[in-house]
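Shown below: run_13.cif, with mmCIF, C-alpha atoms.
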data_structure
loop_
_atom_site.label_atom_id
_atom_site.label_comp_id
_atom_site.auth_asym_id
_atom_site.auth_seq_id
_atom_site.Cartn_x
_atom_site.Cartn_y
_atom_site.Cartn_z
CA MET D 18 -29.87 -20.34 -43.10
CA LEU D 19 -28.75 -21.53 -39.63
CA GLU D 20 -32.36 -21.92 -38.58
CA ASP D 21 -33.18 -24.33 -41.46
CA LYS D 22 -32.32 -27.65 -39.82
CA LYS D 23 -32.95 -29.51 -43.08
CA ALA D 24 -29.83 -27.84 -44.54
CA TRP D 25 -27.57 -28.88 -41.66
CA ASN D 26 -24.85 -31.52 -41.87
CA THR D 27 -25.91 -34.85 -40.39
CA VAL D 28 -23.75 -34.56 -37.29
CA TYR D 29 -25.43 -31.27 -36.31
CA LYS D 30 -28.87 -32.78 -36.86
CA GLU D 31 -27.91 -35.62 -34.52
CA ILE D 32 -26.56 -33.23 -31.90
CA ALA D 33 -29.77 -31.18 -32.15
CA ASN D 34 -31.79 -34.31 -31.40
CA TYR D 35 -29.93 -34.58 -28.07
CA ILE D 36 -29.54 -30.97 -26.94
CA GLY D 37 -31.95 -28.98 -29.10
CA GLU D 38 -31.53 -26.70 -32.10
CA GLU D 39 -30.73 -23.49 -30.21
CA LYS D 40 -27.96 -25.11 -28.17
CA THR D 41 -26.61 -26.80 -31.31
CA ILE D 42 -26.31 -23.41 -33.03
CA ARG D 43 -24.54 -22.01 -29.95
CA LEU D 44 -22.21 -25.02 -29.91
CA PHE D 45 -21.50 -24.56 -33.62
CA ASN D 46 -20.72 -20.85 -33.20
CA ALA D 47 -18.45 -21.50 -30.24
CA TYR D 48 -16.47 -24.36 -31.81
CA LYS D 49 -16.67 -23.96 -35.60
CA GLU D 50 -13.34 -24.60 -37.33
CA THR D 51 -12.30 -26.77 -34.37
CA ASN D 52 -11.91 -30.52 -34.54
CA ILE D 53 -13.34 -32.20 -31.48
CA ALA D 54 -12.68 -35.80 -30.59
CA PHE D 55 -14.56 -37.28 -27.67
CA PRO D 56 -12.56 -39.72 -25.54
CA MET D 57 -13.91 -43.27 -25.42
CA ARG D 58 -14.43 -42.92 -21.69
CA LEU D 59 -16.26 -40.22 -19.79
CA ILE D 60 -14.28 -40.73 -16.58
CA SER D 61 -10.62 -39.64 -16.48
CA ARG D 62 -7.78 -41.98 -15.50
CA GLU D 63 -7.05 -39.90 -12.38
CA SER D 64 -10.67 -40.15 -11.27
CA VAL D 65 -10.64 -43.92 -11.83
CA LYS D 66 -7.51 -44.13 -9.69
CA LYS D 67 -9.36 -42.29 -6.92
CA ILE D 68 -12.31 -44.67 -7.25
CA ILE D 69 -9.94 -47.65 -7.05
CA ALA D 70 -8.07 -46.20 -4.07
CA SER D 71 -11.29 -45.51 -2.18
CA GLY D 72 -12.81 -48.95 -2.48
CA HIS D 73 -10.68 -51.46 -4.33
CA PRO D 74 -10.70 -54.30 -1.77
CA GLU D 75 -14.50 -54.18 -1.55
CA ARG D 76 -15.03 -54.20 -5.34
CA SER D 77 -13.71 -56.70 -7.84
CA VAL D 78 -11.73 -55.73 -10.91
CA ASN D 79 -14.78 -56.70 -12.96
CA GLN D 80 -17.08 -54.43 -10.92
CA LEU D 81 -14.65 -51.52 -11.27
CA ALA D 82 -14.45 -52.11 -15.02
CA VAL D 83 -18.24 -52.09 -15.40
CA GLU D 84 -18.64 -48.98 -13.21
CA THR D 85 -15.98 -46.93 -15.01
CA GLY D 86 -16.13 -48.16 -18.60
CA TYR D 87 -12.48 -49.21 -18.49
CA SER D 88 -11.37 -52.73 -19.36
CA GLU D 89 -10.30 -55.15 -16.64
CA ARG D 90 -6.79 -54.98 -18.07
CA ASN D 91 -6.73 -51.19 -17.67
CA ILE D 92 -8.11 -51.46 -14.14
CA ARG D 93 -5.31 -53.88 -13.22
CA ARG D 94 -2.78 -51.50 -14.79
CA LEU D 95 -4.15 -48.60 -12.74
CA ILE D 96 -4.03 -50.70 -9.56
CA LYS D 97 -0.38 -51.45 -10.30
CA GLU D 98 0.32 -47.74 -10.90
CA LEU D 99 -1.31 -46.88 -7.56
CA LYS D 100 0.85 -49.44 -5.77
CA LEU D 101 3.99 -48.01 -7.39
CA GLU D 102 2.96 -44.46 -6.51
CA SER D 103 2.40 -45.41 -2.87
CA ILE D 104 5.83 -47.07 -2.73
CA GLU D 105 7.41 -43.88 -4.15
CA VAL D 106 5.65 -41.78 -1.50
CA LEU D 107 6.92 -44.07 1.25
CA ASP D 108 10.47 -43.92 -0.15
CA ASN D 109 10.35 -40.12 -0.29
CA GLU D 110 9.13 -39.91 3.30
CA HIS D 111 12.09 -41.99 4.50
CA VAL D 112 14.53 -39.66 2.75
CA LEU D 113 13.27 -36.68 4.74
#
Encoded form (structure tokens):
Amino acid sequence: MLEDKKAWNTVYKEIANYIGEEKTIRLFNAYKETNIAFPMRLISRESVKKIIASGHPERSVNQLAVETGYSERNIRRLIKELKLESIEVLDNEHVL
């Protein structure tokens, strides 16, 4: 029955169109009875912070938003977080 793609739920048919039937069956067997939610963004917040830290002055907030899929508001928030983190590091170094 697994091989009859016509009997599959729509979501598995769609997945099979992207990765193929064999891989879809393997995915189903590995994750059946598990709910999977895909984050809206492929790139993690920590990775975006690294991207910002490595080249923020050269790239605008808009460019960073387009490159990462994050909104300009979130990019500004991450920039602020990075500034606060760097201040904390400096404060900790002075304590030692």
Between atom CA of D:Asp21 and atom CA of D:Glu39, what is the spacing in Å?
-> 11.5 Å
Would you list the contacts of D:Glu84 as a PyMOL selection string, taking every protein, DNA or RNA residue within 10 Å and counting only C-alpha atoms, but skipping same-chain residues closer than 5 positions in sequence?
-> chain D and resi 60+65+68+78-79
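Our summary of the geometry notes that atom CA of D:Gly86 is positioned 6.3 Å from atom CA of D:Arg58.
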Skipping near chain neighbours, those fewer than 4 positions away, what residues fall within 8 Å of stretch 96-105 of chain D using only C-alpha atoms, listed as a list in words?
->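 Non-adjacent residues within range: Lys66, Ile69, Ala70, Ile92 and Asn109 of chain D.
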Can I get the selected residues back with C-alpha atoms, as a CSV table (one decimal), in the frame of the given file?
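Written out: selection-v3.csv:
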chain,number,residue,atom,x,y,z
D,66,LYS,CA,-7.5,-44.1,-9.7
D,69,ILE,CA,-9.9,-47.6,-7.0
D,70,ALA,CA,-8.1,-46.2,-4.1
D,92,ILE,CA,-8.1,-51.5,-14.1
D,109,ASN,CA,10.4,-40.1,-0.3
To one decimal in Å, tell me the separation between atom CA of D:Val28 and atom CA of D:Ser64.
->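 Going from atom CA of D:Val28 over to atom CA of D:Ser64, I get 29.7 Å.
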Applied to this file, what does the PyMOL selection byres ((chain D and resi 22) around 12) return in terms of residues, put as a PyMOL selection string?
-> chain D and resi 18-21+23-34+37-39+41-42
Residues near D:Met57, cut-off 12 Å, all atoms listed in the file, skip fewer than 4 positions along chain, as a PyMOL selection string = chain D and resi 61-62+85-88
